[in-house]
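Colleague: structure_21.txt (compact mmCIF, C-alpha atoms) pasted underneath:
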```
# COMPACT_ATOMS: atom_id res chain seq x y z
CA MET A 1 0.00 0.00 0.00
CA GLY A 2 1.30 3.46 -0.86
CA VAL A 3 2.31 6.12 1.65
CA GLU A 4 -0.77 8.24 0.89
CA LEU A 5 -3.11 5.42 1.74
CA ASP A 6 -1.23 4.83 4.96
CA LYS A 7 -1.82 8.45 5.88
CA LEU A 8 -5.51 8.19 5.10
CA SER A 9 -6.07 5.21 7.29
CA ASN A 10 -4.66 3.57 10.35
CA LEU A 11 -5.93 0.21 9.23
CA THR A 12 -3.40 -2.58 8.89
CA ARG A 13 -3.16 -4.53 5.65
CA LYS A 14 -4.88 -7.45 7.30
CA GLU A 15 -7.78 -5.25 8.41
CA ILE A 16 -8.10 -3.82 4.90
CA VAL A 17 -8.16 -7.31 3.39
CA ASP A 18 -10.60 -8.53 6.06
CA ARG A 19 -12.99 -5.66 5.30
CA ALA A 20 -12.66 -6.02 1.54
CA GLU A 21 -13.23 -9.75 1.88
CA GLY A 22 -16.44 -9.03 3.79
CA GLY A 23 -17.71 -6.91 0.89
CA ASP A 24 -16.58 -3.39 1.92
CA THR A 25 -15.99 -1.89 -1.52
CA THR A 26 -14.43 1.30 -0.06
CA MET A 27 -11.37 -0.83 0.67
CA LEU A 28 -10.88 -1.84 -2.97
CA PRO A 29 -8.53 1.03 -3.93
CA ALA A 30 -6.25 -0.01 -1.08
CA VAL A 31 -6.39 -3.64 -2.19
CA ARG A 32 -5.53 -2.53 -5.74
CA GLU A 33 -2.45 -0.83 -4.32
CA MET A 34 -1.47 -4.12 -2.68
CA ILE A 35 -1.82 -5.92 -6.02
CA ARG A 36 0.99 -3.74 -7.36
CA GLU A 37 3.27 -5.15 -4.69
CA LEU A 38 2.34 -8.76 -5.39
CA PRO A 39 5.13 -9.53 -7.89
CA ASP A 40 7.70 -8.85 -5.19
CA ALA A 41 5.72 -10.84 -2.65
CA VAL A 42 5.34 -13.74 -5.08
CA ALA A 43 9.09 -13.79 -5.72
CA VAL A 44 9.82 -13.82 -1.98
CA LEU A 45 7.26 -16.57 -1.37
CA GLY A 46 8.74 -18.64 -4.20
CA ASP A 47 12.24 -18.33 -2.73
CA THR A 48 11.00 -19.10 0.78
CA ALA A 49 9.15 -22.20 -0.40
CA GLN A 50 12.24 -23.35 -2.28
CA SER A 51 14.53 -23.00 0.75
CA ILE A 52 12.00 -24.72 3.06
CA ARG A 53 11.76 -27.60 0.58
CA GLU A 54 15.55 -27.93 0.36
CA HIS A 55 15.73 -28.12 4.15
CA LEU A 56 12.94 -30.70 4.28
CA ILE A 57 14.38 -32.82 1.44
CA GLU A 58 17.58 -33.02 3.45
CA LYS A 59 15.56 -34.20 6.45
CA VAL A 60 13.38 -36.80 4.75
CA THR A 61 16.13 -38.36 2.65
CA PRO A 62 17.02 -41.67 4.31
CA LYS A 63 20.46 -41.65 5.92
CA GLY A 64 23.09 -43.38 3.86
CA THR A 65 21.46 -42.70 0.50
CA GLY A 66 23.58 -39.55 0.04
CA VAL A 67 23.42 -37.33 -3.01
CA ILE A 68 21.50 -39.87 -5.10
CA GLY A 69 18.76 -40.22 -2.50
CA ARG A 70 18.49 -36.46 -2.15
CA GLU A 71 18.32 -35.91 -5.92
CA ALA A 72 15.68 -38.63 -6.30
CA LYS A 73 13.57 -36.98 -3.61
CA ARG A 74 14.05 -33.54 -5.18
CA GLU A 75 12.99 -34.85 -8.58
CA PHE A 76 9.95 -36.53 -7.05
CA VAL A 77 8.88 -33.24 -5.43
CA GLU A 78 9.45 -31.27 -8.65
CA GLU A 79 7.28 -33.77 -10.54
CA MET A 80 4.64 -33.48 -7.85
CA ILE A 81 4.60 -29.68 -8.26
CA ALA A 82 4.38 -29.98 -12.05
CA ASP A 83 1.49 -32.48 -11.76
CA LEU A 84 -0.39 -30.30 -9.29
CA ALA A 85 0.14 -27.14 -11.34
CA GLY A 86 -1.06 -28.82 -14.53
CA PRO A 87 -0.23 -27.87 -18.11
CA ASP A 88 0.46 -24.18 -18.81
CA PRO A 89 -0.21 -23.05 -15.23
CA SER A 90 -0.74 -19.43 -14.19
CA ARG A 91 1.76 -17.97 -11.69
CA LEU A 92 -0.87 -18.32 -8.98
CA GLU A 93 -1.46 -22.02 -9.73
CA SER A 94 2.30 -22.66 -9.67
CA LEU A 95 2.61 -20.86 -6.35
CA LEU A 96 -0.22 -22.89 -4.82
CA ALA A 97 1.11 -26.15 -6.25
CA GLU A 98 4.44 -25.34 -4.57
CA GLN A 99 2.60 -24.67 -1.35
CA VAL A 100 0.83 -28.05 -1.45
CA ALA A 101 4.13 -29.87 -2.15
CA THR A 102 5.96 -27.98 0.59
CA CYS A 103 3.23 -28.74 3.14
CA TRP A 104 3.26 -32.41 2.03
CA LEU A 105 7.03 -32.61 2.54
CA HIS A 106 6.69 -31.04 5.96
CA LEU A 107 4.08 -33.62 6.93
CA GLN A 108 6.30 -36.44 5.63
CA TRP A 109 9.17 -35.21 7.75
CA LEU A 110 7.09 -34.94 10.92
CA GLU A 111 5.56 -38.39 10.44
CA SER A 112 8.99 -39.96 9.99
CA ALA A 113 10.34 -38.03 12.99
CA PHE A 114 7.44 -39.29 15.11
CA ALA A 115 8.60 -42.87 14.67
CA TRP A 116 12.13 -41.75 15.50
CA ARG A 117 12.65 -44.68 17.86
CA GLU A 118 10.66 -47.59 19.16
CA GLU A 119 10.35 -46.14 22.63
CA PHE A 120 9.97 -42.44 23.25
CA PRO A 121 8.86 -40.24 26.14
CA ILE A 122 5.16 -39.41 26.37
CA SER A 123 5.98 -35.70 26.06
CA TRP A 124 7.57 -36.38 22.66
CA GLY A 125 4.48 -38.28 21.48
CA LYS A 126 2.15 -35.47 22.55
CA TYR A 127 4.36 -32.80 21.00
CA MET A 128 4.59 -34.68 17.72
CA GLN A 129 0.87 -35.38 17.55
CA ARG A 130 0.18 -31.68 17.97
CA SER A 131 2.76 -30.75 15.31
CA ILE A 132 1.47 -33.38 12.87
CA GLY A 133 -2.13 -32.22 13.41
CA GLN A 134 -1.16 -28.66 12.59
CA ALA A 135 0.82 -29.77 9.51
CA GLN A 136 -2.14 -31.85 8.29
CA ARG A 137 -4.48 -28.87 8.62
CA ARG A 138 -2.08 -26.68 6.61
CA TYR A 139 -1.67 -29.36 3.94
CA LEU A 140 -5.43 -29.81 3.54
CA GLN A 141 -6.01 -26.07 3.44
CA ALA A 142 -3.36 -25.70 0.74
CA ILE A 143 -5.13 -28.38 -1.37
CA ARG A 144 -8.50 -26.72 -0.78
CA THR A 145 -7.15 -23.33 -1.85
CA LEU A 146 -5.69 -24.71 -5.09
CA ALA A 147 -8.96 -26.51 -5.87
CA GLN A 148 -10.96 -23.39 -5.06
CA ILE A 149 -8.87 -21.16 -7.32
CA ARG A 150 -9.27 -23.64 -10.18
CA LYS A 151 -13.01 -23.85 -9.61
CA LEU A 152 -13.42 -20.05 -9.69
CA GLY A 153 -11.70 -20.09 -13.05
CA PRO A 154 -10.23 -17.52 -15.44
CA SER A 155 -11.45 -14.37 -13.65
CA VAL A 156 -9.15 -15.22 -10.75
CA LEU A 157 -6.31 -16.66 -12.82
CA GLN A 158 -6.30 -13.52 -14.96
CA VAL A 159 -5.16 -11.33 -12.06
CA ASN A 160 -1.60 -10.54 -12.99
CA ILE A 161 0.79 -11.28 -10.17
CA ALA A 162 3.80 -12.01 -12.34
CA ALA A 163 6.90 -9.85 -12.06
CA ASP A 164 8.01 -7.79 -15.05
CA GLY A 165 9.29 -10.20 -17.61
CA GLY A 166 7.87 -13.08 -15.65
CA LYS A 167 5.14 -15.36 -16.78
CA GLN A 168 1.87 -13.55 -17.40
CA VAL A 169 -1.30 -15.16 -16.20
CA ASN A 170 -3.78 -13.60 -18.63
CA LYS A 171 -5.17 -16.55 -20.50
CA ALA A 172 -8.39 -15.20 -21.95
CA MET B 1 21.36 -42.57 42.66
CA ALA B 2 24.38 -42.39 44.89
CA TRP B 3 26.97 -44.22 46.89
CA GLU B 4 26.64 -43.28 50.53
CA SER B 5 28.86 -43.81 53.47
CA ARG B 6 27.50 -44.30 57.00
CA ASN B 7 29.83 -43.57 59.93
CA GLY B 8 32.82 -44.22 57.68
CA ARG B 9 31.86 -47.89 57.32
CA GLY B 10 31.94 -48.83 53.60
CA ARG B 11 29.87 -47.49 50.78
CA TYR B 12 26.21 -48.28 50.21
CA TYR B 13 24.51 -47.87 46.89
CA THR B 14 21.10 -46.18 47.13
CA ARG B 15 18.64 -44.95 44.59
CA SER B 16 15.38 -43.03 44.65
CA LYS B 17 12.13 -44.02 43.01
CA ARG B 18 8.57 -42.81 43.06
CA VAL B 19 5.92 -44.91 44.78
CA ASN B 20 2.37 -43.51 44.62
CA GLY B 21 3.78 -40.06 43.92
CA GLN B 22 6.16 -40.18 46.91
CA VAL B 23 9.91 -40.27 46.51
CA VAL B 24 11.22 -43.36 48.30
CA ARG B 25 14.91 -44.08 48.91
CA GLU B 26 15.81 -47.67 48.12
CA TYR B 27 18.92 -49.15 49.75
CA ILE B 28 20.69 -51.60 47.46
CA GLY B 29 23.75 -52.19 49.64
CA THR B 30 27.30 -53.14 48.82
CA GLY B 31 29.22 -55.79 46.91
CA PRO B 32 29.28 -56.98 43.28
CA ARG B 33 25.48 -57.04 43.01
CA ALA B 34 25.26 -53.37 44.09
CA GLU B 35 28.10 -52.46 41.70
CA MET B 36 26.25 -54.11 38.83
CA ILE B 37 22.96 -52.39 39.63
CA ALA B 38 24.77 -49.04 39.97
CA GLU B 39 26.38 -49.47 36.56
CA SER B 40 23.10 -50.45 34.98
CA ASP B 41 21.40 -47.39 36.55
CA ALA B 42 24.21 -45.12 35.32
CA LEU B 43 23.80 -46.49 31.79
CA LYS B 44 20.03 -45.91 31.87
CA HIS B 45 20.63 -42.40 33.18
CA ARG B 46 23.06 -41.63 30.36
CA GLU B 47 20.52 -42.95 27.84
CA ARG B 48 17.78 -40.74 29.31
CA VAL B 49 20.03 -37.69 29.18
CA ALA B 50 21.00 -38.45 25.56
CA THR B 51 17.33 -38.97 24.62
CA ARG B 52 16.32 -35.68 26.28
CA ARG B 53 19.13 -33.84 24.50
CA ALA B 54 18.23 -35.36 21.12
CA MET B 55 14.56 -34.56 21.74
CA LYS B 56 15.36 -30.96 22.58
CA THR B 57 17.45 -30.55 19.41
CA ALA B 58 14.75 -32.18 17.27
CA MET B 59 12.01 -30.04 18.84
CA GLY B 60 14.03 -26.88 18.17
CA ASP B 61 14.41 -27.88 14.54
CA ILE B 62 10.73 -28.79 14.21
CA GLU B 63 9.70 -25.56 15.92
CA SER B 64 11.80 -23.27 13.71
CA THR B 65 10.79 -25.07 10.49
CA SER B 66 7.11 -25.10 11.46
CA GLU B 67 7.25 -21.42 12.34
CA LEU B 68 8.80 -20.52 8.99
CA LEU B 69 6.33 -22.75 7.16
CA GLY B 70 3.47 -21.20 9.14
CA ARG B 71 4.50 -17.68 8.11
CA TYR B 72 4.87 -18.78 4.49
CA HIS B 73 1.44 -20.44 4.63
CA VAL B 74 -0.26 -17.35 6.10
CA LEU B 75 1.36 -15.06 3.50
CA THR B 76 0.37 -17.34 0.62
CA GLU B 77 -3.21 -17.55 1.86
CA GLY B 78 -3.20 -13.75 2.28
CA LEU B 79 -1.98 -13.32 -1.28
CA VAL B 80 -4.80 -15.56 -2.53
CA ARG B 81 -7.34 -13.46 -0.62
CA ILE B 82 -6.01 -10.27 -2.25
CA VAL B 83 -6.16 -11.89 -5.70
CA LEU B 84 -9.74 -13.06 -5.11
CA ILE B 85 -10.86 -9.61 -3.91
CA GLN B 86 -9.18 -8.00 -6.91
CA ALA B 87 -11.00 -10.48 -9.16
CA GLY B 88 -14.31 -9.29 -7.71
CA TYR B 89 -15.01 -11.84 -5.02
CA HIS B 90 -16.01 -11.47 -1.38
CA ARG B 91 -17.11 -13.75 1.44
CA HIS B 92 -18.64 -13.42 4.86
CA HIS B 93 -17.31 -15.08 8.00
CA ARG B 94 -14.90 -17.32 6.10
CA GLY B 95 -17.79 -18.76 4.09
CA LYS B 96 -17.91 -19.36 0.37
CA TRP B 97 -16.30 -16.85 -1.98
CA ARG B 98 -18.98 -15.10 -4.07
CA LYS B 99 -18.75 -12.77 -7.03
CA ARG B 100 -19.70 -9.17 -6.22
CA ARG B 101 -22.74 -7.92 -8.08
CA GLY B 102 -22.12 -5.61 -11.02
CA ARG B 103 -18.72 -7.08 -11.81
```
Could you render the structure from this file as structure tokens?

Modeller:
Amino acid sequence: MGVELDKLSNLTRKEIVDRAEGGDTTMLPAVREMIRELPDAVAVLGDTAQSIREHLIEKVTPKGTGVIGREAKREFVEEMIADLAGPDPSRLESLLAEQVATCWLHLQWLESAFAWREEFPISWGKYMQRSIGQAQRRYLQAIRTLAQIRKLGPSVLQVNIAADGGKQVNKA
Amino acid sequence: MAWESRNGRGRYYTRSKRVNGQVVREYIGTGPRAEMIAESDALKHRERVATRRAMKTAMGDIESTSELLGRYHVLTEGLVRIVLIQAGYHRHHRGKWRKRRGR
């Protein structure tokens, strides 16, 4: 959001989005301002997702399988993202496909960490169950969001969030 | 778990345990049997310490990764909300997204 809009209102971005989401059309100019910042945000999110995945791939690769095991896992995840994104995906679909794959990897890691050893303290079991529950909720929400965006169709996918020179999402 | 000495006469191996929530001191005594039990207890203690340490490290890793993933997740969902609003959608109380009239 631009400086002028900040001066006009003390509302936080979240409050603006909350109000606009609820149907307050007076918030739309402020939301439009946010759209201009999306290419940067998308780039940051893409990089963040990539580094989280690298970290998780390292964790879920079975010990002793080395570089080959890690590469195989990486390739598997990249294929998963491509499958989820589908042919000729918009930037938004790619971003959400990455989110689903990242959440899936996270869940994989936690489930393998849960069975870390045959016997473990009760506190570990409780902690892991809570963490796995949270990861499952995130994973399912990520799938729901991707499905929802697809269902709403071109009007949503047409919103241009690509950086200059990046892939455009206008398909109509 | 400790070796105790009473009135300077030898060393006795003792250990504590919980019985119905109360800490009870158990006297094992002296000799080879006490030495063996003491060594076994020391080994179990070392294993517990190592497990706790490994658990703490793992929890720290899980916590920091989950926190980062949580922030990423919230930002991505926020971005989707902005895109949907820009595309002319709204929703009430986290219900179904609906197209605004006149768009």

Colleague: Rank nothing, just name the residue among A:Ser131, A:Ser112, A:Ser94, A:Thr26 nearest to chain B, using all atoms listed in the file.

Modeller: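 Nearest to chain B: A:Ser131.
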
Colleague: Which residues of chain B are close to chain A, meaning at most 7 Å apart when you count all atoms listed in the file, and how do they look as number ranges by chain?

Modeller: B: 72, 82-87, 90-92

Colleague: In Å, rounded to a single decimal, give me how far CA of Arg91 (chain A) is from CA of Tyr89 (chain B).

Modeller: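 Distance between the two atoms: 19.1 Å.
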
Colleague: Excluding Thr30 (chain B) and its own-chain neighbours fewer than 6 positions away, which residues fall within 9 Å of it when counting only C-alpha atoms? Please give them as a VMD selection string.

Modeller: chain B and resid 10 to 13

Colleague: Selected residues, C-alpha atoms, written as a compact mmCIF listing (two decimals), in the coordinates of the input, please.

Modeller:
```
# COMPACT_ATOMS: atom_id res chain seq x y z
CA GLY B 10 31.94 -48.83 53.60
CA ARG B 11 29.87 -47.49 50.78
CA TYR B 12 26.21 -48.28 50.21
CA TYR B 13 24.51 -47.87 46.89
```

Colleague: To one decimal in Å, tell me the separation between CA of Lys151 (chain A) and CA of Leu84 (chain A).

Modeller: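 Distance reported for this atom pair: 14.2 Å.
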
Colleague: So which one's closest to Leu105 (chain A), B:Lys17, B:Leu69, B:Arg100, B:Arg33? Using all atoms listed in the file, please.

Modeller: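 Comparing B:Lys17, B:Leu69, B:Arg100, B:Arg33 against Leu105 (chain A), the winner is B:Leu69.
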
Colleague: Can you work out which one of B:Ala50, B:Gly70, B:Asp41, B:Ala2 has the shortest atom-to-atom distance to Tyr27 (chain B), counting all atoms listed in the file?

Modeller: B:Ala2

Colleague: Can you report as JSON the centre and edge lengths in Å, to one decimal, of an axis-aligned box around the listed atoms of region 121-140 of chain A padded with 3 Å on each side?

Modeller:
```
{"center_x": 1.7, "center_y": -33.5, "center_z": 15.0, "size_x": 20.3, "size_y": 19.6, "size_z": 28.8}
```

Colleague: When you draw a straight line from CA of Met59 (chain B) to CA of Lys59 (chain A), how long is it in Å?

Modeller: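 Taking CA of Met59 (chain B) and CA of Lys59 (chain A), their separation equals 13.5 Å.
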
Colleague: Near Ala38 (chain B), counting all atoms listed in the file, which residues have an atom at most 9 Å away, once you skip same-chain residues fewer than 4 positions from it, shown as number ranges by chain?

Modeller: B: 1-3, 13-15, 28, 33-34, 42-43
